[in-house]
$ cat protein_0.pdb   # PDB, C-alpha atoms
ATOM      1  CA  MET A   6       0.000   0.000   0.000
ATOM      2  CA  THR A   7       1.392   3.402  -0.920
ATOM      3  CA  THR A   8       1.793   6.222   1.567
ATOM      4  CA  THR A   9      -1.050   8.119  -0.086
ATOM      5  CA  ALA A  10      -3.326   5.092   0.222
ATOM      6  CA  ARG A  11      -2.401   4.668   3.939
ATOM      7  CA  VAL A  12      -3.194   8.335   4.648
ATOM      8  CA  ALA A  13      -6.505   8.044   2.793
ATOM      9  CA  THR A  14      -7.377   4.902   4.807
ATOM     10  CA  ILE A  15      -6.525   6.617   8.092
ATOM     11  CA  LEU A  16      -8.561   9.694   7.152
ATOM     12  CA  GLY A  17     -11.452   7.438   6.213
ATOM     13  CA  LEU A  18     -11.304   5.704   9.591
ATOM     14  CA  VAL A  19     -11.210   9.062  11.360
ATOM     15  CA  ALA A  20     -14.305  10.158   9.446
ATOM     16  CA  LEU A  21     -16.132   6.930  10.311
ATOM     17  CA  THR A  22     -15.324   7.223  14.032
ATOM     18  CA  SER A  23     -16.214  10.907  14.358
ATOM     19  CA  CYS A  24     -19.535  12.002  15.863
ATOM     20  CA  GLY A  25     -21.304  12.405  12.532
ATOM     21  CA  ALA A  26     -20.820  11.679   8.905
ATOM     22  CA  PRO A  27     -19.172  14.324   6.730
ATOM     23  CA  GLY A  28     -21.683  16.957   5.696
ATOM     24  CA  ASP A  29     -24.118  16.234   8.557
ATOM     25  CA  ALA A  30     -25.576  19.430   9.954
ATOM     26  CA  PRO A  31     -25.610  19.934  13.690
ATOM     27  CA  PRO A  32     -28.975  19.235  15.341
ATOM     28  CA  THR A  33     -31.357  22.152  15.275
ATOM     29  CA  PRO A  34     -32.677  23.544  18.531
ATOM     30  CA  GLY A  35     -35.479  21.414  19.942
ATOM     31  CA  THR A  36     -34.190  18.183  18.379
ATOM     32  CA  THR A  37     -32.122  15.494  19.991
ATOM     33  CA  SER A  38     -28.829  14.181  18.796
ATOM     34  CA  THR A  39     -28.375  10.492  18.141
ATOM     35  CA  SER A  40     -24.816  10.439  19.475
ATOM     36  CA  THR A  41     -24.298   9.324  23.053
ATOM     37  CA  THR A  42     -21.497  10.025  25.425
ATOM     38  CA  THR A  43     -20.565   7.689  28.218
ATOM     39  CA  SER A  44     -19.552   9.508  31.356
ATOM     40  CA  LEU A  45     -17.357   7.518  33.668
ATOM     41  CA  ALA A  46     -17.363   8.451  37.321
ATOM     42  CA  PRO A  47     -13.872   8.807  38.750
ATOM     43  CA  LEU A  48     -12.707   5.792  40.680
ATOM     44  CA  PRO A  49     -12.653   6.320  44.427
ATOM     45  CA  VAL A  50      -9.213   6.977  45.885
ATOM     46  CA  PRO A  51      -8.232   4.137  48.232
ATOM     47  CA  PRO A  52      -7.661   5.219  51.847
ATOM     48  CA  GLU A  53      -4.075   3.972  51.710
ATOM     49  CA  ARG A  54      -3.380   6.393  48.841
ATOM     50  CA  LYS A  55      -5.048   9.246  50.740
ATOM     51  CA  ALA A  56      -2.853   8.479  53.770
ATOM     52  CA  VAL A  57       0.353   8.419  51.710
ATOM     53  CA  ASP A  58      -0.680  11.658  49.975
ATOM     54  CA  ALA A  59      -1.242  13.321  53.372
ATOM     55  CA  TYR A  60       2.158  12.077  54.564
ATOM     56  CA  LEU A  61       3.950  13.474  51.503
ATOM     57  CA  ALA A  62       2.008  16.747  51.727
ATOM     58  CA  MET A  63       3.076  17.118  55.369
ATOM     59  CA  TRP A  64       6.751  16.994  54.336
ATOM     60  CA  ARG A  65       6.170  19.466  51.474
ATOM     61  CA  GLU A  66       4.444  21.898  53.850
ATOM     62  CA  MET A  67       7.177  21.431  56.423
ATOM     63  CA  ALA A  68       9.842  22.191  53.812
ATOM     64  CA  ALA A  69       7.960  25.320  52.691
ATOM     65  CA  ALA A  70       7.516  26.515  56.299
ATOM     66  CA  GLY A  71      11.196  25.758  56.993
ATOM     67  CA  GLU A  72      12.322  28.301  54.387
ATOM     68  CA  THR A  73      11.370  31.018  56.905
ATOM     69  CA  SER A  74      11.056  28.852  60.047
ATOM     70  CA  ASN A  75       7.368  29.771  60.222
ATOM     71  CA  SER A  76       5.830  27.574  62.908
ATOM     72  CA  GLU A  77       2.408  29.103  62.216
ATOM     73  CA  ALA A  78       2.313  28.299  58.485
ATOM     74  CA  PRO A  79      -1.357  27.461  57.780
ATOM     75  CA  GLY A  80      -0.569  24.492  55.518
ATOM     76  CA  LEU A  81       0.949  22.522  58.390
ATOM     77  CA  ALA A  82      -2.401  21.847  60.096
ATOM     78  CA  GLN A  83      -3.932  20.707  56.803
ATOM     79  CA  HIS A  84      -1.747  17.598  56.777
ATOM     80  CA  ALA A  85      -0.660  17.030  60.394
ATOM     81  CA  THR A  86      -2.435  17.018  63.745
ATOM     82  CA  GLY A  87      -1.858  15.928  67.310
ATOM     83  CA  ASP A  88       1.681  14.956  68.289
ATOM     84  CA  ALA A  89       2.928  15.314  64.700
ATOM     85  CA  LEU A  90       1.797  18.939  64.461
ATOM     86  CA  VAL A  91       3.246  19.763  67.889
ATOM     87  CA  VAL A  92       6.646  18.302  66.918
ATOM     88  CA  ILE A  93       6.705  20.202  63.609
ATOM     89  CA  LYS A  94       5.700  23.537  65.182
ATOM     90  CA  ASN A  95       8.183  23.144  68.043
ATOM     91  CA  SER A  96      10.994  22.287  65.622
ATOM     92  CA  LEU A  97      10.258  25.317  63.435
ATOM     93  CA  ALA A  98       9.947  27.629  66.455
ATOM     94  CA  GLU A  99      13.299  26.365  67.775
ATOM     95  CA  ASP A 100      14.948  26.974  64.393
ATOM     96  CA  ASP A 101      13.485  30.498  64.339
ATOM     97  CA  ARG A 102      14.799  31.153  67.863
ATOM     98  CA  LYS A 103      18.269  29.975  66.779
ATOM     99  CA  GLY A 104      18.182  32.087  63.600
ATOM    100  CA  LEU A 105      18.045  29.084  61.239
ATOM    101  CA  VAL A 106      16.125  28.320  58.065
ATOM    102  CA  THR A 107      15.944  25.125  56.067
ATOM    103  CA  LYS A 108      16.655  25.071  52.350
ATOM    104  CA  GLY A 109      15.914  22.362  49.831
ATOM    105  CA  SER A 110      13.415  19.557  50.189
ATOM    106  CA  PRO A 111      13.390  16.056  51.642
ATOM    107  CA  LYS A 112      12.997  12.973  49.484
ATOM    108  CA  SER A 113      10.587  10.256  50.544
ATOM    109  CA  ASP A 114       9.809   6.689  49.618
ATOM    110  CA  PRO A 115       6.810   5.857  51.827
ATOM    111  CA  GLN A 116       5.482   2.315  52.063
ATOM    112  CA  VAL A 117       2.233   1.310  53.765
ATOM    113  CA  THR A 118       3.056  -1.247  56.457
ATOM    114  CA  ASN A 119      -0.278  -1.668  58.219
ATOM    115  CA  VAL A 120      -3.909  -0.803  57.596
ATOM    116  CA  ASP A 121      -6.234  -0.720  60.598
ATOM    117  CA  ARG A 122      -9.829  -1.425  59.658
ATOM    118  CA  SER A 123     -12.615  -0.848  62.150
ATOM    119  CA  ASP A 124     -16.070  -2.049  61.093
ATOM    120  CA  GLY A 125     -14.671  -2.598  57.581
ATOM    121  CA  VAL A 126     -13.581   1.037  57.268
ATOM    122  CA  VAL A 127      -9.935   2.072  57.072
ATOM    123  CA  LYS A 128      -9.257   4.556  59.857
ATOM    124  CA  VAL A 129      -5.502   4.279  60.478
ATOM    125  CA  VAL A 130      -2.624   3.674  58.067
ATOM    126  CA  LYS A 131       0.949   3.116  59.227
ATOM    127  CA  ILE A 132       3.809   4.088  56.967
ATOM    128  CA  ARG A 133       7.510   3.279  56.890
ATOM    129  CA  ASP A 134       9.786   5.563  54.932
ATOM    130  CA  CYS A 135      13.460   5.784  54.179
ATOM    131  CA  GLY A 136      13.593   9.554  53.887
ATOM    132  CA  ASP A 137      16.622  11.394  52.588
ATOM    133  CA  ASP A 138      17.348  14.871  53.928
ATOM    134  CA  SER A 139      20.789  15.272  52.345
ATOM    135  CA  THR A 140      19.412  18.072  50.119
ATOM    136  CA  TRP A 141      17.293  19.613  52.905
ATOM    137  CA  LEU A 142      19.699  21.378  55.226
ATOM    138  CA  LYS A 143      19.726  24.162  57.808
ATOM    139  CA  TYR A 144      21.415  27.515  57.178
ATOM    140  CA  ARG A 145      21.848  30.738  59.132
ATOM    141  CA  LYS A 146      19.052  33.207  58.283
ATOM    142  CA  GLY A 147      20.041  35.714  55.610
ATOM    143  CA  THR A 148      23.173  33.810  54.565
ATOM    144  CA  ASN A 149      24.184  30.683  52.759
ATOM    145  CA  GLU A 150      26.303  29.664  55.732
ATOM    146  CA  PRO A 151      25.463  26.102  56.773
ATOM    147  CA  ALA A 152      24.475  25.529  60.389
ATOM    148  CA  ASP A 153      27.234  24.009  62.506
ATOM    149  CA  GLY A 154      27.672  20.237  62.691
ATOM    150  CA  GLN A 155      24.789  19.200  60.536
ATOM    151  CA  GLY A 156      24.569  16.885  57.620
ATOM    152  CA  GLY A 157      21.821  14.930  56.053
ATOM    153  CA  GLY A 158      21.347  11.423  54.831
ATOM    154  CA  ARG A 159      18.935   8.513  54.724
ATOM    155  CA  ARG A 160      16.796   8.059  57.824
ATOM    156  CA  SER A 161      14.151   5.575  58.830
ATOM    157  CA  ILE A 162      10.798   7.247  59.494
ATOM    158  CA  LEU A 163       7.712   5.614  60.978
ATOM    159  CA  ALA A 164       4.401   7.465  60.719
ATOM    160  CA  GLU A 165       0.770   7.030  61.633
ATOM    161  CA  VAL A 166      -1.896   8.675  59.467
ATOM    162  CA  LYS A 167      -5.547   8.787  60.541
ATOM    163  CA  ALA A 168      -8.850   9.621  58.900
ATOM    164  CA  GLN A 169     -10.239  12.755  60.546
ATOM    165  CA  PRO A 170     -13.856  13.685  61.343
ATOM    166  CA  ASP A 171     -13.758  16.237  58.486
ATOM    167  CA  GLY A 172     -12.986  13.413  56.025
ATOM    168  CA  GLN A 173      -9.350  14.426  55.526
ATOM    169  CA  TRP A 174      -6.323  12.299  56.323
ATOM    170  CA  ARG A 175      -3.628  13.765  58.594
ATOM    171  CA  VAL A 176      -0.369  12.516  60.047
ATOM    172  CA  THR A 177      -0.883  12.102  63.799
ATOM    173  CA  ARG A 178       2.543  10.798  64.827
ATOM    174  CA  PHE A 179       5.939  10.262  63.262
ATOM    175  CA  ALA A 180       9.401   9.303  64.467
ATOM    176  CA  VAL A 181      12.611  10.066  62.584
ATOM    177  CA  GLN A 182      15.694   7.946  63.289
ATOM    178  CA  GLY A 183      19.334   8.929  62.860
ATOM    179  CA  VAL A 184      21.291   9.186  59.618
ATOM    180  CA  GLY A 185      22.130   5.739  58.247
ATOM    181  CA  SER A 186      19.144   4.009  59.877
ATOM    182  CA  CYS A 187      17.884   2.776  56.517
TER
END
$ encode --input "protein_0.pdb" --output "structure tokens"
Amino acid sequence: MTTTARVATILGLVALTSCGAPGDAPPTPGTTSTSTTTSLAPLPVPPERKAVDAYLAMWREMAAAGETSNSEAPGLAQHATGDALVVIKNSLAEDDRKGLVTKGSPKSDPQVTNVDRSDGVVKVVKIRDCGDDSTWLKYRKGTNEPADGQGGGRRSILAEVKAQPDGQWRVTRFAVQGVGSC
């Protein structure tokens, strides 16, 4: 088959699969169209995915708040609550008191390790991560001078993420181990 014949065949198939035949006029007002469209509802997001998304969003918000050591950044409470939020706010407030900011962003590789179902509904998801903060480091405010004695690396992180009464998922607890723990 020649190239011209292939193009003509493809164009013919496109015409056959379009909504109407060539030359068809659009329906006039008051008439119905014979073409139908199937609308697919989006698939529900599994709770495990929602929990992992909340966990990753917590770290993104923490990194953004760390750029100015803003312990009152509004995005923090959208993804963390309870002990997790207290730890984050205290850490940022301490950095601010010491005149430190954090630059860069952490890298995460979260894995769901446990799903707690109560009455068939997922309410708690536990996550294990081997986070890497080697490109997320503390500096003196207003300078590019690194903070004394710090360095990043791969760290084991355990987290608990819970469904909240408002329907959102938030990290409620997390524990970060030392460099080289994973």
$ resolve_selection --input "protein_0.pdb" --expression "the PyMOL selection byres ((chain A and resi 91-100) around 10)" --output "PyMOL selection string"
chain A and resi 63-64+67+70-78+81-82+85-90+101-107+143-146+177-180
$ resolve_selection --input "protein_0.pdb" --expression "the PyMOL selection byres ((chain A and resi 55) around 10)" --output "ChimeraX atom specification"
/A:50-54,56-61,130,166-168,173-175
$ atom_distance --input "protein_0.pdb" --atom1 "CA of Val117 (chain A)" --atom2 "CA of Arg65 (chain A)"
18.7 Å
$ atom_distance --input "protein_0.pdb" --atom1 "CA of Cys187 (chain A)" --atom2 "CA of Lys131 (chain A)"
17.2 Å
$ atom_distance --input "protein_0.pdb" --atom1 "CA of Ser110 (chain A)" --atom2 "CA of Val181 (chain A)"
15.6 Å
$ residues_around --input "protein_0.pdb" --residues "Gln116 (chain A)" --least-positions-apart "4" --cutoff "7 Å" --atoms "all atoms listed in the file" --output "PyMOL selection string"
chain A and resi 132-134
$ write_last_selection --input "protein_0.pdb" --atoms "C-alpha atoms" --output "PDB file, keeping the file's coordinate frame"
ATOM      1  CA  ILE A 132       3.809   4.088  56.967  1.00  0.00           C
ATOM      2  CA  ARG A 133       7.510   3.279  56.890  1.00  0.00           C
ATOM      3  CA  ASP A 134       9.786   5.563  54.932  1.00  0.00           C
TER       4      ASP A 134
END
$ resolve_selection --input "protein_0.pdb" --expression "the PyMOL selection byres ((chain A and resi 112) around 10)" --output "ChimeraX atom specification"
/A:61,64-65,109-111,113-115,134-141,159
$ closest_residue --input "protein_0.pdb" --among "A:Val126, A:Val184, A:Val176, A:Gln83" --to "Gln155 (chain A)" --atoms "only C-alpha atoms"
A:Val184
$ decode --input "protein_0.pdb" --residues "region 63-107 of chain A" --atoms "N, CA and C atoms" --output "PDB file, in the first residue's frame"
ATOM      1  N   MET A  63       2.537  16.601  54.111  1.00  0.00           N
ATOM      2  CA  MET A  63       3.076  17.118  55.369  1.00  0.00           C
ATOM      3  C   MET A  63       4.535  17.529  55.195  1.00  0.00           C
ATOM      4  N   TRP A  64       5.336  16.675  54.545  1.00  0.00           N
ATOM      5  CA  TRP A  64       6.751  16.994  54.336  1.00  0.00           C
ATOM      6  C   TRP A  64       6.920  18.191  53.416  1.00  0.00           C
ATOM      7  N   ARG A  65       6.092  18.298  52.367  1.00  0.00           N
ATOM      8  CA  ARG A  65       6.170  19.466  51.474  1.00  0.00           C
ATOM      9  C   ARG A  65       5.863  20.749  52.241  1.00  0.00           C
ATOM     10  N   GLU A  66       4.814  20.721  53.064  1.00  0.00           N
ATOM     11  CA  GLU A  66       4.444  21.898  53.850  1.00  0.00           C
ATOM     12  C   GLU A  66       5.518  22.234  54.871  1.00  0.00           C
ATOM     13  N   MET A  67       6.110  21.209  55.453  1.00  0.00           N
ATOM     14  CA  MET A  67       7.177  21.431  56.423  1.00  0.00           C
ATOM     15  C   MET A  67       8.390  22.067  55.742  1.00  0.00           C
ATOM     16  N   ALA A  68       8.717  21.609  54.555  1.00  0.00           N
ATOM     17  CA  ALA A  68       9.842  22.191  53.812  1.00  0.00           C
ATOM     18  C   ALA A  68       9.553  23.646  53.465  1.00  0.00           C
ATOM     19  N   ALA A  69       8.327  23.938  53.032  1.00  0.00           N
ATOM     20  CA  ALA A  69       7.960  25.320  52.691  1.00  0.00           C
ATOM     21  C   ALA A  69       8.019  26.210  53.933  1.00  0.00           C
ATOM     22  N   ALA A  70       7.495  25.735  55.057  1.00  0.00           N
ATOM     23  CA  ALA A  70       7.516  26.515  56.299  1.00  0.00           C
ATOM     24  C   ALA A  70       8.947  26.685  56.805  1.00  0.00           C
ATOM     25  N   GLY A  71       9.808  25.706  56.547  1.00  0.00           N
ATOM     26  CA  GLY A  71      11.196  25.758  56.993  1.00  0.00           C
ATOM     27  C   GLY A  71      12.015  26.827  56.296  1.00  0.00           C
ATOM     28  N   GLU A  72      11.584  27.261  55.112  1.00  0.00           N
ATOM     29  CA  GLU A  72      12.322  28.301  54.387  1.00  0.00           C
ATOM     30  C   GLU A  72      12.379  29.602  55.174  1.00  0.00           C
ATOM     31  N   THR A  73      11.390  29.818  56.053  1.00  0.00           N
ATOM     32  CA  THR A  73      11.370  31.018  56.905  1.00  0.00           C
ATOM     33  C   THR A  73      11.257  30.648  58.380  1.00  0.00           C
ATOM     34  N   SER A  74      11.268  29.363  58.683  1.00  0.00           N
ATOM     35  CA  SER A  74      11.056  28.852  60.047  1.00  0.00           C
ATOM     36  C   SER A  74       9.748  29.377  60.630  1.00  0.00           C
ATOM     37  N   ASN A  75       8.692  29.291  59.829  1.00  0.00           N
ATOM     38  CA  ASN A  75       7.368  29.771  60.222  1.00  0.00           C
ATOM     39  C   ASN A  75       6.567  28.645  60.866  1.00  0.00           C
ATOM     40  N   SER A  76       6.545  28.629  62.188  1.00  0.00           N
ATOM     41  CA  SER A  76       5.830  27.574  62.908  1.00  0.00           C
ATOM     42  C   SER A  76       4.318  27.735  62.829  1.00  0.00           C
ATOM     43  N   GLU A  77       3.848  28.868  62.332  1.00  0.00           N
ATOM     44  CA  GLU A  77       2.408  29.103  62.216  1.00  0.00           C
ATOM     45  C   GLU A  77       1.923  29.018  60.766  1.00  0.00           C
ATOM     46  N   ALA A  78       2.724  28.442  59.888  1.00  0.00           N
ATOM     47  CA  ALA A  78       2.313  28.299  58.485  1.00  0.00           C
ATOM     48  C   ALA A  78       0.992  27.531  58.428  1.00  0.00           C
ATOM     49  N   PRO A  79      -0.028  28.086  57.772  1.00  0.00           N
ATOM     50  CA  PRO A  79      -1.357  27.461  57.780  1.00  0.00           C
ATOM     51  C   PRO A  79      -1.413  26.076  57.137  1.00  0.00           C
ATOM     52  N   GLY A  80      -0.536  25.790  56.193  1.00  0.00           N
ATOM     53  CA  GLY A  80      -0.569  24.492  55.518  1.00  0.00           C
ATOM     54  C   GLY A  80      -0.181  23.330  56.414  1.00  0.00           C
ATOM     55  N   LEU A  81       0.508  23.604  57.504  1.00  0.00           N
ATOM     56  CA  LEU A  81       0.949  22.522  58.390  1.00  0.00           C
ATOM     57  C   LEU A  81      -0.240  21.763  58.976  1.00  0.00           C
ATOM     58  N   ALA A  82      -1.240  22.483  59.464  1.00  0.00           N
ATOM     59  CA  ALA A  82      -2.401  21.847  60.096  1.00  0.00           C
ATOM     60  C   ALA A  82      -3.321  21.161  59.090  1.00  0.00           C
ATOM     61  N   GLN A  83      -3.119  21.391  57.810  1.00  0.00           N
ATOM     62  CA  GLN A  83      -3.932  20.707  56.803  1.00  0.00           C
ATOM     63  C   GLN A  83      -3.511  19.261  56.629  1.00  0.00           C
ATOM     64  N   HIS A  84      -2.258  18.941  57.026  1.00  0.00           N
ATOM     65  CA  HIS A  84      -1.747  17.598  56.777  1.00  0.00           C
ATOM     66  C   HIS A  84      -1.205  16.898  58.017  1.00  0.00           C
ATOM     67  N   ALA A  85      -1.145  17.617  59.145  1.00  0.00           N
ATOM     68  CA  ALA A  85      -0.660  17.030  60.394  1.00  0.00           C
ATOM     69  C   ALA A  85      -1.546  17.507  61.536  1.00  0.00           C
ATOM     70  N   THR A  86      -1.650  16.677  62.564  1.00  0.00           N
ATOM     71  CA  THR A  86      -2.435  17.018  63.745  1.00  0.00           C
ATOM     72  C   THR A  86      -1.833  16.297  64.944  1.00  0.00           C
ATOM     73  N   GLY A  87      -2.304  16.618  66.107  1.00  0.00           N
ATOM     74  CA  GLY A  87      -1.858  15.928  67.310  1.00  0.00           C
ATOM     75  C   GLY A  87      -0.368  16.068  67.543  1.00  0.00           C
ATOM     76  N   ASP A  88       0.242  14.960  67.984  1.00  0.00           N
ATOM     77  CA  ASP A  88       1.681  14.956  68.289  1.00  0.00           C
ATOM     78  C   ASP A  88       2.524  15.386  67.091  1.00  0.00           C
ATOM     79  N   ALA A  89       2.142  14.973  65.896  1.00  0.00           N
ATOM     80  CA  ALA A  89       2.928  15.314  64.700  1.00  0.00           C
ATOM     81  C   ALA A  89       2.977  16.828  64.512  1.00  0.00           C
ATOM     82  N   LEU A  90       1.840  17.492  64.647  1.00  0.00           N
ATOM     83  CA  LEU A  90       1.797  18.939  64.461  1.00  0.00           C
ATOM     84  C   LEU A  90       2.584  19.650  65.558  1.00  0.00           C
ATOM     85  N   VAL A  91       2.491  19.163  66.774  1.00  0.00           N
ATOM     86  CA  VAL A  91       3.246  19.763  67.889  1.00  0.00           C
ATOM     87  C   VAL A  91       4.749  19.665  67.628  1.00  0.00           C
ATOM     88  N   VAL A  92       5.214  18.490  67.194  1.00  0.00           N
ATOM     89  CA  VAL A  92       6.646  18.302  66.918  1.00  0.00           C
ATOM     90  C   VAL A  92       7.109  19.242  65.809  1.00  0.00           C
ATOM     91  N   ILE A  93       6.337  19.335  64.744  1.00  0.00           N
ATOM     92  CA  ILE A  93       6.705  20.202  63.609  1.00  0.00           C
ATOM     93  C   ILE A  93       6.774  21.656  64.057  1.00  0.00           C
ATOM     94  N   LYS A  94       5.731  22.136  64.750  1.00  0.00           N
ATOM     95  CA  LYS A  94       5.700  23.537  65.182  1.00  0.00           C
ATOM     96  C   LYS A  94       6.839  23.843  66.151  1.00  0.00           C
ATOM     97  N   ASN A  95       7.092  22.925  67.086  1.00  0.00           N
ATOM     98  CA  ASN A  95       8.183  23.144  68.043  1.00  0.00           C
ATOM     99  C   ASN A  95       9.536  23.190  67.338  1.00  0.00           C
ATOM    100  N   SER A  96       9.732  22.317  66.367  1.00  0.00           N
ATOM    101  CA  SER A  96      10.994  22.287  65.622  1.00  0.00           C
ATOM    102  C   SER A  96      11.204  23.591  64.853  1.00  0.00           C
ATOM    103  N   LEU A  97      10.153  24.065  64.190  1.00  0.00           N
ATOM    104  CA  LEU A  97      10.258  25.317  63.435  1.00  0.00           C
ATOM    105  C   LEU A  97      10.465  26.515  64.357  1.00  0.00           C
ATOM    106  N   ALA A  98       9.781  26.533  65.493  1.00  0.00           N
ATOM    107  CA  ALA A  98       9.947  27.629  66.455  1.00  0.00           C
ATOM    108  C   ALA A  98      11.368  27.639  67.016  1.00  0.00           C
ATOM    109  N   GLU A  99      11.920  26.464  67.274  1.00  0.00           N
ATOM    110  CA  GLU A  99      13.299  26.365  67.775  1.00  0.00           C
ATOM    111  C   GLU A  99      14.284  26.857  66.718  1.00  0.00           C
ATOM    112  N   ASP A 100      14.078  26.481  65.469  1.00  0.00           N
ATOM    113  CA  ASP A 100      14.948  26.974  64.393  1.00  0.00           C
ATOM    114  C   ASP A 100      14.865  28.499  64.303  1.00  0.00           C
ATOM    115  N   ASP A 101      13.653  29.043  64.406  1.00  0.00           N
ATOM    116  CA  ASP A 101      13.485  30.498  64.339  1.00  0.00           C
ATOM    117  C   ASP A 101      14.229  31.168  65.498  1.00  0.00           C
ATOM    118  N   ARG A 102      14.114  30.605  66.690  1.00  0.00           N
ATOM    119  CA  ARG A 102      14.799  31.153  67.863  1.00  0.00           C
ATOM    120  C   ARG A 102      16.314  31.146  67.677  1.00  0.00           C
ATOM    121  N   LYS A 103      16.826  30.104  67.013  1.00  0.00           N
ATOM    122  CA  LYS A 103      18.269  29.975  66.779  1.00  0.00           C
ATOM    123  C   LYS A 103      18.736  30.747  65.541  1.00  0.00           C
ATOM    124  N   GLY A 104      17.804  31.347  64.799  1.00  0.00           N
ATOM    125  CA  GLY A 104      18.182  32.087  63.600  1.00  0.00           C
ATOM    126  C   GLY A 104      18.507  31.184  62.418  1.00  0.00           C
ATOM    127  N   LEU A 105      17.795  30.048  62.313  1.00  0.00           N
ATOM    128  CA  LEU A 105      18.045  29.084  61.239  1.00  0.00           C
ATOM    129  C   LEU A 105      16.852  28.977  60.301  1.00  0.00           C
ATOM    130  N   VAL A 106      17.135  28.662  59.056  1.00  0.00           N
ATOM    131  CA  VAL A 106      16.125  28.320  58.065  1.00  0.00           C
ATOM    132  C   VAL A 106      16.558  27.015  57.407  1.00  0.00           C
ATOM    133  N   THR A 107      15.630  26.375  56.757  1.00  0.00           N
ATOM    134  CA  THR A 107      15.944  25.125  56.067  1.00  0.00           C
ATOM    135  C   THR A 107      15.749  25.338  54.579  1.00  0.00           C
TER     136      THR A 107
END
